[in-house]
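Data file: protein_7.cif. Format and content: mmCIF, C-alpha atoms.
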```
data_run
#
loop_
_atom_site.group_PDB
_atom_site.id
_atom_site.type_symbol
_atom_site.label_atom_id
_atom_site.label_comp_id
_atom_site.auth_asym_id
_atom_site.auth_seq_id
_atom_site.Cartn_x
_atom_site.Cartn_y
_atom_site.Cartn_z
ATOM 1 C CA SER A 1400 -3.353 11.765 133.324
ATOM 2 C CA GLN A 1401 -5.452 14.805 134.050
ATOM 3 C CA THR A 1402 -9.008 14.668 135.321
ATOM 4 C CA ILE A 1403 -11.550 17.323 136.140
ATOM 5 C CA HIS A 1404 -14.285 16.947 138.743
ATOM 6 C CA GLN A 1405 -17.407 18.936 139.413
ATOM 7 C CA TRP A 1406 -19.902 18.707 142.204
ATOM 8 C CA PRO A 1407 -22.623 18.432 142.889
ATOM 9 C CA ALA A 1408 -23.903 16.740 139.749
ATOM 10 C CA THR A 1409 -27.409 18.082 140.246
ATOM 11 C CA LEU A 1410 -28.849 20.751 142.507
ATOM 12 C CA VAL A 1411 -32.319 22.111 143.138
ATOM 13 C CA GLN A 1412 -32.409 25.399 145.024
ATOM 14 C CA PRO A 1413 -35.113 27.929 145.921
ATOM 15 C CA VAL A 1414 -34.989 31.488 144.627
ATOM 16 C CA GLY A 1415 -32.974 33.698 146.946
ATOM 17 C CA SER A 1416 -30.798 30.921 148.341
ATOM 18 C CA PRO A 1417 -26.976 30.913 148.070
ATOM 19 C CA LEU A 1418 -24.974 28.806 145.656
ATOM 20 C CA SER A 1419 -21.574 27.188 145.684
ATOM 21 C CA LEU A 1420 -20.365 24.947 142.855
ATOM 22 C CA GLU A 1421 -16.926 23.446 142.964
ATOM 23 C CA CYS A 1422 -14.511 22.348 140.272
ATOM 24 C CA THR A 1423 -11.143 20.688 140.803
ATOM 25 C CA VAL A 1424 -8.494 19.503 138.399
ATOM 26 C CA GLU A 1425 -6.009 16.721 139.060
ATOM 27 C CA GLY A 1426 -2.777 15.808 137.364
ATOM 28 C CA THR A 1427 -1.640 19.244 136.255
ATOM 29 C CA SER A 1428 -0.390 22.477 137.776
ATOM 30 C CA ASN A 1429 -1.228 26.114 137.098
ATOM 31 C CA PRO A 1430 -4.097 25.377 134.705
ATOM 32 C CA ASN A 1431 -6.295 28.029 133.166
ATOM 33 C CA LEU A 1432 -9.789 27.475 134.509
ATOM 34 C CA TYR A 1433 -13.178 28.410 133.034
ATOM 35 C CA TRP A 1434 -16.850 28.470 134.045
ATOM 36 C CA TYR A 1435 -19.531 28.235 131.366
ATOM 37 C CA ARG A 1436 -23.309 28.191 131.562
ATOM 38 C CA GLN A 1437 -25.525 26.379 129.115
ATOM 39 C CA ALA A 1438 -29.180 27.398 129.265
ATOM 40 C CA ALA A 1439 -31.755 24.893 128.056
ATOM 41 C CA GLY A 1440 -31.547 24.430 124.285
ATOM 42 C CA ARG A 1441 -28.856 27.064 123.911
ATOM 43 C CA GLY A 1442 -25.132 27.333 123.407
ATOM 44 C CA LEU A 1443 -22.393 27.918 125.950
ATOM 45 C CA GLN A 1444 -21.794 31.246 127.584
ATOM 46 C CA LEU A 1445 -18.394 31.935 129.160
ATOM 47 C CA LEU A 1446 -18.945 33.320 132.654
ATOM 48 C CA PHE A 1447 -15.491 33.529 134.241
ATOM 49 C CA TYR A 1448 -11.938 32.479 133.597
ATOM 50 C CA SER A 1449 -8.802 32.394 135.704
ATOM 51 C CA VAL A 1450 -5.149 32.196 134.750
ATOM 52 C CA GLY A 1451 -3.874 31.860 138.324
ATOM 53 C CA ILE A 1452 -4.716 31.850 142.024
ATOM 54 C CA GLY A 1453 -6.805 34.859 142.943
ATOM 55 C CA GLN A 1454 -7.009 36.037 139.310
ATOM 56 C CA ILE A 1455 -10.569 36.114 138.005
ATOM 57 C CA SER A 1456 -11.871 37.666 134.807
ATOM 58 C CA SER A 1457 -15.602 38.154 134.384
ATOM 59 C CA GLU A 1458 -17.123 37.964 130.949
ATOM 60 C CA VAL A 1459 -20.724 38.745 131.761
ATOM 61 C CA PRO A 1460 -21.938 41.013 134.601
ATOM 62 C CA GLN A 1461 -24.541 39.084 136.553
ATOM 63 C CA ASN A 1462 -25.641 37.554 139.799
ATOM 64 C CA LEU A 1463 -22.677 35.192 140.029
ATOM 65 C CA SER A 1464 -19.083 35.390 141.239
ATOM 66 C CA ALA A 1465 -16.062 33.119 141.014
ATOM 67 C CA SER A 1466 -13.041 32.453 143.180
ATOM 68 C CA ARG A 1467 -9.854 30.452 142.890
ATOM 69 C CA PRO A 1468 -8.576 29.782 146.390
ATOM 70 C CA GLN A 1469 -6.116 27.087 145.304
ATOM 71 C CA ASP A 1470 -4.203 26.372 142.125
ATOM 72 C CA ARG A 1471 -6.535 23.613 140.935
ATOM 73 C CA GLN A 1472 -9.793 24.675 142.531
ATOM 74 C CA PHE A 1473 -12.386 26.952 140.980
ATOM 75 C CA ILE A 1474 -15.607 27.903 142.745
ATOM 76 C CA LEU A 1475 -18.749 29.497 141.353
ATOM 77 C CA SER A 1476 -20.956 31.297 143.864
ATOM 78 C CA SER A 1477 -24.041 33.370 144.291
ATOM 79 C CA LYS A 1478 -25.456 35.113 147.350
ATOM 80 C CA LYS A 1479 -29.049 35.006 146.083
ATOM 81 C CA LEU A 1480 -30.159 32.806 143.217
ATOM 82 C CA LEU A 1481 -32.569 33.987 140.553
ATOM 83 C CA LEU A 1482 -34.851 31.856 138.393
ATOM 84 C CA SER A 1483 -32.726 32.840 135.412
ATOM 85 C CA ASP A 1484 -29.681 31.185 137.018
ATOM 86 C CA SER A 1485 -31.083 27.754 136.145
ATOM 87 C CA GLY A 1486 -28.946 25.867 133.660
ATOM 88 C CA PHE A 1487 -26.105 23.454 133.123
ATOM 89 C CA TYR A 1488 -22.810 24.726 134.514
ATOM 90 C CA LEU A 1489 -19.617 23.455 133.015
ATOM 91 C CA CYS A 1490 -16.082 23.860 134.261
ATOM 92 C CA ALA A 1491 -13.138 23.509 131.887
ATOM 93 C CA TRP A 1492 -9.364 23.718 132.012
ATOM 94 C CA ASN A 1493 -6.414 23.999 129.708
ATOM 95 C CA SER A 1494 -2.698 24.335 130.130
ATOM 96 C CA GLY A 1495 -0.896 27.495 129.167
ATOM 97 C CA SER A 1496 0.682 25.812 126.153
ATOM 98 C CA THR A 1497 -2.461 24.697 124.348
ATOM 99 C CA ASP A 1498 -5.791 26.113 123.219
ATOM 100 C CA THR A 1499 -7.702 22.898 123.833
ATOM 101 C CA GLN A 1500 -10.085 23.060 126.771
ATOM 102 C CA TYR A 1501 -11.193 19.937 128.614
ATOM 103 C CA PHE A 1502 -14.576 19.918 130.254
ATOM 104 C CA GLY A 1503 -15.941 18.476 133.445
ATOM 105 C CA PRO A 1504 -19.179 16.477 133.648
ATOM 106 C CA GLY A 1505 -21.242 19.542 134.586
ATOM 107 C CA THR A 1506 -23.720 20.533 137.285
ATOM 108 C CA ARG A 1507 -27.424 20.743 136.496
ATOM 109 C CA LEU A 1508 -28.888 23.624 138.558
ATOM 110 C CA THR A 1509 -32.625 24.152 138.850
ATOM 111 C CA VAL A 1510 -33.844 27.244 140.662
ATOM 112 C CA LEU A 1511 -37.493 27.044 141.767
ATOM 113 C CA GLY B 21 -15.466 40.279 119.252
ATOM 114 C CA ASP B 22 -15.175 36.773 117.911
ATOM 115 C CA SER B 23 -18.222 34.900 116.714
ATOM 116 C CA VAL B 24 -19.060 31.424 115.437
ATOM 117 C CA THR B 25 -22.077 30.631 113.306
ATOM 118 C CA GLN B 26 -23.316 27.081 113.006
ATOM 119 C CA MET B 27 -25.877 25.434 110.830
ATOM 120 C CA GLU B 28 -29.269 25.533 112.502
ATOM 121 C CA GLY B 29 -30.607 22.267 113.785
ATOM 122 C CA PRO B 30 -32.020 19.883 114.532
ATOM 123 C CA VAL B 31 -30.636 17.540 111.910
ATOM 124 C CA THR B 32 -32.171 14.100 111.474
ATOM 125 C CA LEU B 33 -30.485 11.469 109.308
ATOM 126 C CA SER B 34 -30.817 7.790 108.622
ATOM 127 C CA GLU B 35 -27.997 5.482 109.614
ATOM 128 C CA GLU B 36 -25.160 5.403 107.048
ATOM 129 C CA ALA B 37 -26.136 8.776 105.594
ATOM 130 C CA PHE B 38 -23.565 11.498 104.870
ATOM 131 C CA LEU B 39 -23.305 14.301 107.434
ATOM 132 C CA THR B 40 -22.288 17.914 106.975
ATOM 133 C CA ILE B 41 -22.632 20.548 109.686
ATOM 134 C CA ASN B 42 -21.582 23.988 108.500
ATOM 135 C CA CYS B 43 -19.529 26.324 110.668
ATOM 136 C CA THR B 44 -18.105 29.755 109.896
ATOM 137 C CA TYR B 45 -16.182 32.042 112.187
ATOM 138 C CA THR B 46 -15.142 35.646 112.647
ATOM 139 C CA ALA B 47 -11.983 36.145 114.678
ATOM 140 C CA THR B 48 -8.911 38.299 114.882
ATOM 141 C CA GLY B 49 -5.464 36.932 114.259
ATOM 142 C CA TYR B 50 -4.984 33.209 113.765
ATOM 143 C CA PRO B 51 -7.571 31.283 115.718
ATOM 144 C CA SER B 52 -7.547 27.591 116.485
ATOM 145 C CA LEU B 53 -10.751 25.797 115.536
ATOM 146 C CA PHE B 54 -12.547 22.985 117.320
ATOM 147 C CA TRP B 55 -15.495 20.652 117.177
ATOM 148 C CA TYR B 56 -16.868 19.430 120.502
ATOM 149 C CA VAL B 57 -19.598 16.846 121.017
ATOM 150 C CA GLN B 58 -22.067 16.673 123.912
ATOM 151 C CA TYR B 59 -24.006 13.513 124.672
ATOM 152 C CA PRO B 60 -27.225 13.846 126.711
ATOM 153 C CA GLY B 61 -26.618 14.943 130.282
ATOM 154 C CA GLU B 62 -22.848 15.059 129.888
ATOM 155 C CA GLY B 63 -20.102 17.628 129.510
ATOM 156 C CA LEU B 64 -18.390 18.466 126.251
ATOM 157 C CA GLN B 65 -15.823 16.180 124.679
ATOM 158 C CA LEU B 66 -13.254 17.330 122.183
ATOM 159 C CA LEU B 67 -13.978 15.701 118.833
ATOM 160 C CA LEU B 68 -11.280 17.260 116.659
ATOM 161 C CA LYS B 69 -9.252 20.414 116.193
ATOM 162 C CA ALA B 70 -7.116 22.328 113.702
ATOM 163 C CA THR B 71 -4.632 25.030 114.535
ATOM 164 C CA LYS B 72 -3.683 26.548 111.183
ATOM 165 C CA ALA B 73 -4.959 27.068 107.674
ATOM 166 C CA ASP B 74 -5.469 23.931 105.573
ATOM 167 C CA ASP B 75 -5.055 21.632 108.580
ATOM 168 C CA LYS B 76 -7.507 18.757 108.665
ATOM 169 C CA GLY B 77 -8.698 17.492 112.012
ATOM 170 C CA SER B 78 -10.099 13.975 112.162
ATOM 171 C CA ASN B 79 -11.417 11.555 114.764
ATOM 172 C CA LYS B 80 -13.880 8.646 114.834
ATOM 173 C CA GLY B 81 -14.634 9.081 111.117
ATOM 174 C CA PHE B 82 -15.389 12.800 111.468
ATOM 175 C CA GLU B 83 -13.318 15.344 109.564
ATOM 176 C CA ALA B 84 -13.079 19.115 109.295
ATOM 177 C CA THR B 85 -10.674 21.292 107.303
ATOM 178 C CA TYR B 86 -9.553 24.768 108.387
ATOM 179 C CA ARG B 87 -10.388 27.027 105.429
ATOM 180 C CA LYS B 88 -9.011 30.484 106.053
ATOM 181 C CA GLU B 89 -10.162 31.874 102.699
ATOM 182 C CA THR B 90 -13.794 31.083 103.500
ATOM 183 C CA THR B 91 -13.398 31.312 107.332
ATOM 184 C CA SER B 92 -15.052 27.923 107.624
ATOM 185 C CA PHE B 93 -14.580 24.655 109.503
ATOM 186 C CA HIS B 94 -17.363 22.362 108.320
ATOM 187 C CA LEU B 95 -17.804 18.992 110.038
ATOM 188 C CA GLU B 96 -18.296 15.919 107.834
ATOM 189 C CA LYS B 97 -18.754 12.199 108.257
ATOM 190 C CA GLY B 98 -19.267 9.762 105.436
ATOM 191 C CA SER B 99 -21.543 7.310 107.226
ATOM 192 C CA VAL B 100 -23.238 8.222 110.494
ATOM 193 C CA GLN B 101 -24.286 5.751 113.174
ATOM 194 C CA VAL B 102 -27.056 5.851 115.743
ATOM 195 C CA SER B 103 -24.369 6.343 118.396
ATOM 196 C CA ASP B 104 -23.392 9.664 116.756
ATOM 197 C CA SER B 105 -26.641 11.215 117.979
ATOM 198 C CA ALA B 106 -25.564 14.192 120.088
ATOM 199 C CA VAL B 107 -25.171 17.962 120.041
ATOM 200 C CA TYR B 108 -22.161 19.248 118.091
ATOM 201 C CA PHE B 109 -20.492 22.568 118.866
ATOM 202 C CA CYS B 110 -18.073 24.470 116.694
ATOM 203 C CA ALA B 111 -15.676 26.788 118.524
ATOM 204 C CA CYS B 112 -12.692 29.045 117.950
ATOM 205 C CA ALA B 113 -9.917 30.185 120.264
ATOM 206 C CA SER B 114 -8.199 33.506 119.733
ATOM 207 C CA GLY B 115 -6.917 36.527 121.574
ATOM 208 C CA SER B 116 -4.267 36.743 124.255
ATOM 209 C CA ALA B 117 -6.186 34.501 126.675
ATOM 210 C CA ARG B 118 -7.185 32.019 123.913
ATOM 211 C CA GLN B 119 -10.764 31.977 125.134
ATOM 212 C CA LEU B 120 -13.203 29.723 123.353
ATOM 213 C CA THR B 121 -16.144 31.217 121.505
ATOM 214 C CA PHE B 122 -18.837 28.634 120.753
ATOM 215 C CA GLY B 123 -21.477 28.331 118.129
ATOM 216 C CA SER B 124 -25.044 27.663 119.240
ATOM 217 C CA GLY B 125 -24.776 23.911 118.738
ATOM 218 C CA THR B 126 -26.447 21.529 116.288
ATOM 219 C CA GLN B 127 -28.575 18.652 117.518
ATOM 220 C CA LEU B 128 -28.003 15.520 115.420
ATOM 221 C CA THR B 129 -30.352 12.553 115.584
ATOM 222 C CA VAL B 130 -29.510 9.400 113.636
ATOM 223 C CA LEU B 131 -32.338 6.942 113.092
ATOM 224 C CA PRO B 132 -31.789 3.206 112.609
#
```
Can you give me the file's structure in the form of structure tokens?
Amino acid sequence: SQTIHQWPATLVQPVGSPLSLECTVEGTSNPNLYWYRQAAGRGLQLLFYSVGIGQISSEVPQNLSASRPQDRQFILSSKKLLLSDSGFYLCAWNSGSTDTQYFGPGTRLTVL
Amino acid sequence: GDSVTQMEGPVTLSEEAFLTINCTYTATGYPSLFWYVQYPGEGLQLLLKATKADDKGSNKGFEATYRKETTSFHLEKGSVQVSDSAVYFCACASGSARQLTFGSGTQLTVLP
């Protein structure tokens, strides 16, 4: 069966520091991968998605970037965090043959 | 672009009450429709889905019917339990990349 992992689970970072969040999927190959952000009390905002290694589509221009160095690995990064980057970051995947996305447990990021 | 509009929350019900959470969508083509549930501090879990008009998705006593004529996918449950307390998200997938567009979420609290 397929599983999706995210780490770290929680992170507290000062403004201006770098960020690296990692997401990996097991039990499938060539998944579509997605990063979402959920601000406190709000819905989900799609940040990036990837349909293959090295292929990244950005939905919202911002302080963040994404990379996909391996087939089942998706990384969310920032060079300098802003206060507004605080939120709950969710990674998701689906296969090319289905619309259904499956979500990881999320990373709670607090920027102070 | 696509959009999903959900009933504003929060919703508070007594145990065994009937639940309806309204959801309408605007999308091109033939979207798939989903309900996801998020328990506190966790990622999103797929609750149910429907992929074409008049399909009914169901799971754990929850149901939703894909109504193309009214562009709606309302979530219903005949008798809610305390354990159903969570945030519920309606979503649609359309377009060539089948990206998910989420509603803003509805917080449900069920009191014993």
Rows by chain and residue number, chain B within 10 Å of chain A, shortest pair, all atoms listed in the file, as a Markdown table:
```
| residue | atom | partner | partner_atom | distance |
| --- | --- | --- | --- | --- |
| B:Pro51 | CA | A:Asp1498 | CA | 9.3 |
| B:Ser52 | CA | A:Asp1498 | CA | 7.1 |
| B:Leu53 | CA | A:Asp1498 | CA | 9.2 |
| B:Phe54 | CA | A:Thr1499 | CA | 8.1 |
| B:Tyr56 | CA | A:Tyr1501 | CA | 9.9 |
| B:Gly61 | CA | A:Gly1505 | CA | 8.3 |
| B:Glu62 | CA | A:Pro1504 | CA | 5.4 |
| B:Gly63 | CA | A:Pro1504 | CA | 4.4 |
| B:Leu64 | CA | A:Phe1502 | CA | 5.7 |
| B:Gln65 | CA | A:Phe1502 | CA | 6.8 |
| B:Leu66 | CA | A:Tyr1501 | CA | 7.2 |
| B:Leu68 | CA | A:Thr1499 | CA | 9.8 |
| B:Lys69 | CA | A:Thr1499 | CA | 8.2 |
| B:Thr71 | CA | A:Asp1498 | CA | 8.8 |
| B:Val107 | CA | A:Gly1442 | CA | 10.0 |
| B:Phe109 | CA | A:Gly1442 | CA | 8.1 |
| B:Cys112 | CA | A:Asp1498 | CA | 9.2 |
| B:Ala113 | CA | A:Asp1498 | CA | 6.5 |
| B:Ser114 | CA | A:Asp1498 | CA | 8.5 |
| B:Ala117 | CA | A:Val1450 | CA | 8.5 |
| B:Arg118 | CA | A:Asp1498 | CA | 6.1 |
| B:Gln119 | CA | A:Asp1498 | CA | 7.9 |
| B:Leu120 | CA | A:Leu1445 | CA | 8.1 |
| B:Thr121 | CA | A:Leu1445 | CA | 8.0 |
| B:Phe122 | CA | A:Leu1443 | CA | 6.3 |
| B:Gly123 | CA | A:Gly1442 | CA | 6.5 |
| B:Ser124 | CA | A:Gly1442 | CA | 4.2 |
| B:Gly125 | CA | A:Gly1442 | CA | 5.8 |
| B:Thr126 | CA | A:Gly1442 | CA | 9.3 |
| B:Gln127 | CA | A:Gly1440 | CA | 9.4 |
```
Keeping only C-alpha atoms, take the residues you just selected and write them out as an mmCIF file, in the frame of the given file.
```cif
data_model
loop_
_atom_site.group_PDB
_atom_site.id
_atom_site.type_symbol
_atom_site.label_atom_id
_atom_site.label_comp_id
_atom_site.auth_asym_id
_atom_site.auth_seq_id
_atom_site.Cartn_x
_atom_site.Cartn_y
_atom_site.Cartn_z
ATOM 1 C CA PRO B 51 -7.571 31.283 115.718
ATOM 2 C CA SER B 52 -7.547 27.591 116.485
ATOM 3 C CA LEU B 53 -10.751 25.797 115.536
ATOM 4 C CA PHE B 54 -12.547 22.985 117.320
ATOM 5 C CA TYR B 56 -16.868 19.430 120.502
ATOM 6 C CA GLY B 61 -26.618 14.943 130.282
ATOM 7 C CA GLU B 62 -22.848 15.059 129.888
ATOM 8 C CA GLY B 63 -20.102 17.628 129.510
ATOM 9 C CA LEU B 64 -18.390 18.466 126.251
ATOM 10 C CA GLN B 65 -15.823 16.180 124.679
ATOM 11 C CA LEU B 66 -13.254 17.330 122.183
ATOM 12 C CA LEU B 68 -11.280 17.260 116.659
ATOM 13 C CA LYS B 69 -9.252 20.414 116.193
ATOM 14 C CA THR B 71 -4.632 25.030 114.535
ATOM 15 C CA VAL B 107 -25.171 17.962 120.041
ATOM 16 C CA PHE B 109 -20.492 22.568 118.866
ATOM 17 C CA CYS B 112 -12.692 29.045 117.950
ATOM 18 C CA ALA B 113 -9.917 30.185 120.264
ATOM 19 C CA SER B 114 -8.199 33.506 119.733
ATOM 20 C CA ALA B 117 -6.186 34.501 126.675
ATOM 21 C CA ARG B 118 -7.185 32.019 123.913
ATOM 22 C CA GLN B 119 -10.764 31.977 125.134
ATOM 23 C CA LEU B 120 -13.203 29.723 123.353
ATOM 24 C CA THR B 121 -16.144 31.217 121.505
ATOM 25 C CA PHE B 122 -18.837 28.634 120.753
ATOM 26 C CA GLY B 123 -21.477 28.331 118.129
ATOM 27 C CA SER B 124 -25.044 27.663 119.240
ATOM 28 C CA GLY B 125 -24.776 23.911 118.738
ATOM 29 C CA THR B 126 -26.447 21.529 116.288
ATOM 30 C CA GLN B 127 -28.575 18.652 117.518
#
```
Could you state the separation of atom CA of B:Tyr45 and atom CA of B:Ser99 in Å, given to one decimal place? 25.8 Å
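Across the structure, atom CA of A:Ser1477 and atom CA of A:Glu1425 are spaced 25.1 Å apart.
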Stretch 59-73 of chain B: axis-aligned bounding box, 5 Å on each side, centre and edge lengths in Å, one decimal, as lines of an AutoDock Vina configuration file:
```
center_x = -15.5
center_y = 20.3
center_z = 119.0
size_x = 33.5
size_y = 23.6
size_z = 32.6
```
Which residues come within 10 Å of A:Gln1401, counting all atoms listed in the file, excluding same-chain residues fewer than 6 positions away, as number ranges by chain? A: 1424-1428, 1492, 1501
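Reported to one decimal place, the separation of atom CA of A:Gln1461 from atom CA of A:Arg1436 is 12.0 Å.
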Determine the residue set returned by the PyMOL selection byres ((chain B and resi 94) around 7) for the present structure, and present it as a VMD selection string. chain B and resid 40 to 43 84 to 85 92 to 93 95 to 96
Within 6 Å of (-17.4, 24.8, 142.3) in the file's own coordinates, which protein, DNA or RNA residues have an atom, counting all atoms listed in the file? List them as a compact mmCIF listing (two decimals) with C-alpha atoms, in the coordinates of the input.
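Result written to part-v4.txt:
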```txt
# COMPACT_ATOMS: atom_id res chain seq x y z
CA SER A 1419 -21.57 27.19 145.68
CA LEU A 1420 -20.36 24.95 142.85
CA GLU A 1421 -16.93 23.45 142.96
CA CYS A 1422 -14.51 22.35 140.27
CA PHE A 1473 -12.39 26.95 140.98
CA ILE A 1474 -15.61 27.90 142.74
CA LEU A 1475 -18.75 29.50 141.35
```
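Candidate residues A:Ala1439, A:Ala1465, A:Leu1432, A:Leu1446 were compared for distance to A:Ser1494, and the nearest is A:Leu1432, using all atoms listed in the file.
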B:Lys97, B:Ala111, B:Gly77, B:Leu131: which is nearest B:Gln26, counting all atoms listed in the file? B:Ala111
Min atom-atom distance to A:Ser1416 from the set A:Asn1429, A:Thr1402, A:Thr1509, A:Ser1466, counting all atoms listed in the file, belongs to A:Thr1509
Could all heavy atoms be built for stretch 26-34 of chain B and written out as an mmCIF file, keeping the file's coordinate frame?
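Result file is result-v1.cif:
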```cif
data_model
loop_
_atom_site.group_PDB
_atom_site.id
_atom_site.type_symbol
_atom_site.label_atom_id
_atom_site.label_comp_id
_atom_site.auth_asym_id
_atom_site.auth_seq_id
_atom_site.Cartn_x
_atom_site.Cartn_y
_atom_site.Cartn_z
ATOM 1 N N GLN B 26 -23.121 28.474 113.367
ATOM 2 C CA GLN B 26 -23.316 27.081 113.006
ATOM 3 C C GLN B 26 -24.622 26.892 112.285
ATOM 4 O O GLN B 26 -25.575 27.660 112.489
ATOM 5 C CB GLN B 26 -23.413 26.219 114.272
ATOM 6 C CG GLN B 26 -22.161 25.639 114.767
ATOM 7 C CD GLN B 26 -22.375 24.743 115.950
ATOM 8 O OE1 GLN B 26 -22.000 25.099 117.057
ATOM 9 N NE2 GLN B 26 -22.951 23.581 115.730
ATOM 10 N N MET B 27 -24.657 25.833 111.495
ATOM 11 C CA MET B 27 -25.877 25.434 110.830
ATOM 12 C C MET B 27 -26.981 25.193 111.868
ATOM 13 O O MET B 27 -26.751 24.565 112.895
ATOM 14 C CB MET B 27 -25.599 24.145 110.073
ATOM 15 C CG MET B 27 -26.727 23.581 109.291
ATOM 16 S SD MET B 27 -26.070 22.231 108.295
ATOM 17 C CE MET B 27 -26.991 20.897 108.931
ATOM 18 N N GLU B 28 -28.153 25.713 111.578
ATOM 19 C CA GLU B 28 -29.269 25.533 112.502
ATOM 20 C C GLU B 28 -29.702 24.075 112.525
ATOM 21 O O GLU B 28 -29.729 23.399 111.512
ATOM 22 C CB GLU B 28 -30.453 26.406 112.065
ATOM 23 C CG GLU B 28 -30.214 27.893 112.241
ATOM 24 C CD GLU B 28 -30.276 28.297 113.697
ATOM 25 O OE1 GLU B 28 -30.996 27.652 114.468
ATOM 26 O OE2 GLU B 28 -29.592 29.267 114.074
ATOM 27 N N GLY B 29 -30.081 23.610 113.691
ATOM 28 C CA GLY B 29 -30.607 22.267 113.785
ATOM 29 C C GLY B 29 -32.100 22.293 114.021
ATOM 30 O O GLY B 29 -32.717 23.349 113.889
ATOM 31 N N PRO B 30 -32.674 21.194 114.455
ATOM 32 C CA PRO B 30 -32.020 19.883 114.532
ATOM 33 C C PRO B 30 -31.856 19.226 113.175
ATOM 34 O O PRO B 30 -32.550 19.558 112.231
ATOM 35 C CB PRO B 30 -32.976 19.083 115.415
ATOM 36 C CG PRO B 30 -34.312 19.693 115.182
ATOM 37 C CD PRO B 30 -34.063 21.149 114.919
ATOM 38 N N VAL B 31 -30.896 18.313 113.126
ATOM 39 C CA VAL B 31 -30.636 17.540 111.910
ATOM 40 C C VAL B 31 -30.985 16.089 112.196
ATOM 41 O O VAL B 31 -30.540 15.527 113.191
ATOM 42 C CB VAL B 31 -29.150 17.645 111.509
ATOM 43 C CG1 VAL B 31 -28.852 16.722 110.326
ATOM 44 C CG2 VAL B 31 -28.780 19.082 111.171
ATOM 45 N N THR B 32 -31.787 15.504 111.332
ATOM 46 C CA THR B 32 -32.171 14.100 111.474
ATOM 47 C C THR B 32 -31.759 13.346 110.224
ATOM 48 O O THR B 32 -32.116 13.753 109.113
ATOM 49 C CB THR B 32 -33.681 13.942 111.691
ATOM 50 O OG1 THR B 32 -34.067 14.695 112.864
ATOM 51 C CG2 THR B 32 -34.056 12.486 111.899
ATOM 52 N N LEU B 33 -30.981 12.275 110.420
ATOM 53 C CA LEU B 33 -30.485 11.469 109.308
ATOM 54 C C LEU B 33 -30.748 9.992 109.570
ATOM 55 O O LEU B 33 -30.892 9.575 110.723
ATOM 56 C CB LEU B 33 -28.978 11.673 109.136
ATOM 57 C CG LEU B 33 -28.487 13.077 108.762
ATOM 58 C CD1 LEU B 33 -26.971 13.119 108.819
ATOM 59 C CD2 LEU B 33 -28.990 13.466 107.392
ATOM 60 N N SER B 34 -30.754 9.243 108.501
ATOM 61 C CA SER B 34 -30.817 7.790 108.622
ATOM 62 C C SER B 34 -29.398 7.250 108.779
ATOM 63 O O SER B 34 -28.418 7.876 108.332
ATOM 64 C CB SER B 34 -31.469 7.172 107.391
ATOM 65 O OG SER B 34 -32.805 7.613 107.275
#
```
